[in-house]
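The structure appears right after this line, and notes come after that.
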Amino acid sequence: MTRTLSLSCLLLGACCAATDAQTTTVTFTPSSGVPTFAKREPVLRVKPGTIVETKTFSKPGDYYEPSGPGPWPGEVGPFYVEGATPNDTLVVKVLRVRLNRDTAISAINPTGISGLAADGRTRMMNDPLPARRWVWQLDRQRNVGRLDLPNSRSKRIEIPLHPMLGRVAVAPPGEESWGGLWPGHFGGNMDAPEVREGATIYLPVFHEGAYFYFGDVHAAQGDGEVVGSGLETTADVTFQFEVIKGKTIRWPRIEDATHIMVAGSVRPLIDAFRIAHVELIEWLASDYGFDRLEAFQVVSQAGTARVANIVDPNYTVVAKFPKSLLPR
């Protein structure tokens, strides 16, 4: 298959790193997971343009077992992308996310994370909610998730599935090591439903090779992930990697068929909102020819935003701008 430069790279105003005339496809089966995002020995080395067919990591008895709870299995990585330097941007095309099991787990963890009740980080007047775990059945043929509700009037509910990757990241700067629950400027546990099949993710690079990580598939997740988890499960995933040479960004960017987006992650929530929108406005000004104040005006009227999570150590907001309003 002959490679051509992607529209995404051209829209960012820079050329992707040159690769061989033929696209290379690599199959990688992870044998372990890691608990942190950090610079460490790579599990795979790839050249720009490479397609990697892989899967999230799971092992018997871990968190995903219906009879659990077991330990979290960790994230896959890092992948070393040759030619990526701190003067560049890593491009990750999410070509495929396909669920590979028939159950998903969602839980309340009273010592962990929660959006609407006392938890282990934010002290409140009420006691934490009791621990509880739900096992959802995934009908992959019909693309729905089903949960029995024995204490509710409806007794059973079905919702559509929208598989996503909760965690995509590069190694943070210097010798920093961030736990798997954290999102930040390096990506991480953003829990953004926009990170899904068909999306392109742009990540800043802090080390040569970028050191890419991924994991934490959700079969579905509502805005904010308010209970503290989506429908946590596993999937087969296919990526293609590119490098935009000589182009740097400060925060993760996302592009799909309809929108360009920026993810900001910090506490308090208003600052995550501010970061995402300021970065989006500056992207419009630097790459799409908008006057900065005019970009501010049109984002205010035509932009949208998603609160991706209000449960992680940092909150995440995704600011979006419709591609239909970009200059032709």
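To be explicit about the labels: the chains of the structure tokens are called A, B, and onward in the order shown, and within each one the residues are counted from 1, while ligands get numbers from 1 in the order they are shown.
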Item to complete: as a PyMOL selection string, list the residues of range 19-250 of chain A assigned to strand (DSSP E or B) by DSSP on the backbone atoms of this structure.
Response: chain A and resi 22+25-27+34+36-37+44-46+51-55+75-81+89-99+103-108+132-139+144-149+155-160+164-170+178-179+183-184+187-188+200-204+212-218+232-233+235-244
Those residues you just picked out, can you put them in a file as a CSV table (one decimal), in the first residue's frame with C-alpha atoms?
chain,number,residue,atom,x,y,z
A,22,GLN,CA,5.3,0.9,1.6
A,25,THR,CA,2.1,-3.5,9.6
A,26,VAL,CA,3.3,-4.9,12.9
A,27,THR,CA,1.3,-7.2,15.2
A,34,VAL,CA,2.8,-0.9,33.6
A,36,THR,CA,2.8,4.6,35.4
A,37,PHE,CA,3.5,6.9,32.5
A,44,LEU,CA,8.2,-2.0,20.7
A,45,ARG,CA,10.1,0.3,18.3
A,46,VAL,CA,8.3,1.6,15.2
A,51,ILE,CA,0.5,0.4,11.5
A,52,VAL,CA,0.4,-1.5,14.8
A,53,GLU,CA,-2.3,-4.2,15.4
A,54,THR,CA,-2.4,-4.8,19.1
A,55,LYS,CA,-4.8,-5.1,22.1
A,75,GLU,CA,-1.2,0.2,30.5
A,76,VAL,CA,0.5,-1.1,27.4
A,77,GLY,CA,3.8,0.5,26.4
A,78,PRO,CA,5.9,2.3,25.8
A,79,PHE,CA,6.2,2.3,22.0
A,80,TYR,CA,9.3,4.1,20.8
A,81,VAL,CA,8.5,6.1,17.6
A,89,THR,CA,4.4,16.3,17.4
A,90,LEU,CA,3.4,12.7,17.7
A,91,VAL,CA,0.4,11.7,15.5
A,92,VAL,CA,-1.6,8.7,16.6
A,93,LYS,CA,-4.4,7.6,14.2
A,94,VAL,CA,-6.9,5.3,15.9
A,95,LEU,CA,-7.8,3.0,13.0
A,96,ARG,CA,-9.7,0.4,15.0
A,97,VAL,CA,-11.2,-0.2,18.5
A,98,ARG,CA,-13.1,-3.4,18.7
A,99,LEU,CA,-14.3,-4.9,22.0
A,103,THR,CA,-18.7,-8.1,29.9
A,104,ALA,CA,-17.7,-4.7,31.3
A,105,ILE,CA,-17.2,-3.6,34.9
A,106,SER,CA,-18.3,-0.4,36.5
A,107,ALA,CA,-17.8,0.3,40.2
A,108,ILE,CA,-18.1,2.7,43.1
A,132,ARG,CA,-20.5,-1.6,44.8
A,133,ARG,CA,-19.7,-3.3,41.5
A,134,TRP,CA,-21.8,-3.8,38.4
A,135,VAL,CA,-21.2,-6.3,35.7
A,136,TRP,CA,-22.7,-5.2,32.3
A,137,GLN,CA,-23.3,-7.7,29.5
A,138,LEU,CA,-22.0,-6.5,26.2
A,139,ASP,CA,-24.0,-7.6,23.1
A,144,VAL,CA,-25.5,-2.5,23.2
A,145,GLY,CA,-24.7,-2.9,26.8
A,146,ARG,CA,-27.3,-4.5,29.2
A,147,LEU,CA,-27.6,-4.2,32.9
A,148,ASP,CA,-30.1,-5.8,35.2
A,149,LEU,CA,-31.7,-3.3,37.7
A,155,LYS,CA,-35.6,-4.0,36.0
A,156,ARG,CA,-33.3,-3.8,32.9
A,157,ILE,CA,-31.7,-1.2,30.8
A,158,GLU,CA,-29.9,-1.2,27.4
A,159,ILE,CA,-27.6,1.5,26.2
A,160,PRO,CA,-25.7,1.9,22.9
A,164,MET,CA,-13.1,4.5,23.4
A,165,LEU,CA,-9.6,4.6,24.9
A,166,GLY,CA,-9.5,6.2,28.3
A,167,ARG,CA,-5.7,6.4,28.3
A,168,VAL,CA,-3.3,7.5,25.5
A,169,ALA,CA,-0.1,9.2,26.6
A,170,VAL,CA,3.5,9.9,26.0
A,178,TRP,CA,2.7,9.8,36.6
A,179,GLY,CA,0.4,7.2,38.0
A,183,PRO,CA,-4.2,13.0,32.9
A,184,GLY,CA,-2.1,16.0,32.0
A,187,GLY,CA,-2.2,12.9,27.7
A,188,GLY,CA,-2.8,10.1,30.2
A,200,THR,CA,-6.4,11.2,15.2
A,201,ILE,CA,-4.6,12.2,18.4
A,202,TYR,CA,-1.8,14.7,18.5
A,203,LEU,CA,0.5,14.5,21.5
A,204,PRO,CA,3.5,16.7,22.6
A,212,PHE,CA,3.6,6.1,23.7
A,213,TYR,CA,1.2,4.3,26.1
A,214,PHE,CA,-2.4,3.2,25.8
A,215,GLY,CA,-5.1,1.3,27.7
A,216,ASP,CA,-8.3,1.6,29.7
A,217,VAL,CA,-11.0,0.8,27.1
A,218,HIS,CA,-14.5,1.9,27.9
A,232,GLU,CA,-14.4,-0.9,31.8
A,233,THR,CA,-13.4,-3.7,29.4
A,235,ALA,CA,-10.4,-4.4,23.0
A,236,ASP,CA,-8.3,-5.1,20.0
A,237,VAL,CA,-6.8,-1.8,18.8
A,238,THR,CA,-5.0,-0.7,15.6
A,239,PHE,CA,-2.9,2.5,15.5
A,240,GLN,CA,-0.9,4.2,12.8
A,241,PHE,CA,1.9,6.5,13.9
A,242,GLU,CA,3.3,9.6,12.2
A,243,VAL,CA,5.6,12.4,13.3
A,244,ILE,CA,5.0,16.1,12.4
Worksheet item: Of the residues A:Gln221, A:Ser286, A:Thr258, A:Ser265, which is the one nearest to Leu325 in chain A, using only C-alpha atoms?
Response: A:Thr258
Distance query Thr122 in chain A at most 12 Å, only C-alpha atoms, self and fewer than 3 positions along chain excluded, as a PDB file with C-alpha atoms, in the first residue's frame:
ATOM      1  CA  PRO A 110     -15.310   4.557  48.354  1.00  0.00           C
ATOM      2  CA  THR A 111     -11.553   4.999  48.853  1.00  0.00           C
ATOM      3  CA  GLY A 112     -10.869   5.946  45.259  1.00  0.00           C
ATOM      4  CA  ILE A 113     -12.671   8.223  42.840  1.00  0.00           C
ATOM      5  CA  SER A 114     -16.198   9.573  42.643  1.00  0.00           C
ATOM      6  CA  GLY A 115     -17.741  12.610  41.014  1.00  0.00           C
ATOM      7  CA  LEU A 116     -20.799  13.171  43.192  1.00  0.00           C
ATOM      8  CA  ALA A 117     -19.904  11.884  46.660  1.00  0.00           C
ATOM      9  CA  ALA A 118     -17.135  11.891  49.224  1.00  0.00           C
ATOM     10  CA  ASP A 119     -14.053   9.950  48.144  1.00  0.00           C
ATOM     11  CA  MET A 125     -19.490  16.114  55.406  1.00  0.00           C
ATOM     12  CA  ASN A 126     -21.087  12.844  54.309  1.00  0.00           C
ATOM     13  CA  ASP A 127     -19.489   9.426  54.502  1.00  0.00           C
ATOM     14  CA  PRO A 128     -18.270   7.810  51.257  1.00  0.00           C
ATOM     15  CA  ARG A 267      -8.037  21.011  38.832  1.00  0.00           C
ATOM     16  CA  ILE A 310     -14.659  14.955  37.029  1.00  0.00           C
ATOM     17  CA  VAL A 311     -13.238  11.996  38.959  1.00  0.00           C
ATOM     18  CA  ASP A 312      -9.528  11.697  38.155  1.00  0.00           C
ATOM     19  CA  PRO A 313      -6.771  13.486  40.093  1.00  0.00           C
TER      20      PRO A 313
END
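What separates CA of His162 in chain A from CA of Asp223 in chain A is a distance of 12.4 Å.
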Shell of 6 Å around range 63-73 of chain A, only C-alpha atoms, local chain residues under 2 positions omitted, as an mmCIF file with C-alpha atoms, in the first residue's frame:
data_model
loop_
_atom_site.group_PDB
_atom_site.id
_atom_site.type_symbol
_atom_site.label_atom_id
_atom_site.label_comp_id
_atom_site.auth_asym_id
_atom_site.auth_seq_id
_atom_site.Cartn_x
_atom_site.Cartn_y
_atom_site.Cartn_z
ATOM 1 C CA GLY A 33 1.112 -3.778 31.779
ATOM 2 C CA SER A 58 -5.466 -8.245 30.578
ATOM 3 C CA GLY A 61 -7.988 -12.697 37.761
#
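Computed from the coordinates, the CA of Pro86 in chain A to CA of Val262 in chain A distance equals 19.2 Å.
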Discussion item. Residues near range 289-296 of chain A, anyone? I mean within 10 Å using only C-alpha atoms, not counting same-chain ones fewer than 5 positions away, as a PyMOL selection string.
Written reply: chain A and resi 277-278+280-284+301+303+326-327
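Minimum distance to Thr85 in chain A across A:Trp251, A:Tyr288, A:Phe186, A:Phe206 (counting only C-alpha atoms) occurs at A:Phe206.
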Worksheet entry | Residue among A:Pro163, A:Gly174, A:Gly180, A:Gly83 lying closest to Pro35 in chain A, counting only C-alpha atoms | A:Gly180
Worksheet item: Which is closest to Glu208 in chain A among A:Met190, A:Gly49, A:Glu41, A:Glu82, if we use only C-alpha atoms?
Response: A:Glu82
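Take CA of Ala210 in chain A and CA of Phe273 in chain A: the distance between them is 26.1 Å.
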Discussion item. Env of Val317 in chain A: 6 Å cut, atoms = only C-alpha atoms, seq-sep filter 6 positions within chain, self excluded. Answer as a ChimeraX atom specification.
Written reply: /A:263-264,272-273,306-308
Any chance you can output those residues with C-alpha atoms as a short mmCIF file (atom, residue, chain, number, x, y, z; two decimals), in the first residue's frame?
data_model
loop_
_atom_site.label_atom_id
_atom_site.label_comp_id
_atom_site.auth_asym_id
_atom_site.auth_seq_id
_atom_site.Cartn_x
_atom_site.Cartn_y
_atom_site.Cartn_z
CA ALA A 263 -8.06 18.43 25.86
CA GLY A 264 -7.10 20.35 29.00
CA ALA A 272 -9.31 22.68 32.59
CA PHE A 273 -12.05 24.47 30.63
CA ARG A 306 -17.39 18.06 26.79
CA VAL A 307 -16.58 17.51 30.45
CA ALA A 308 -14.72 14.24 29.95
#
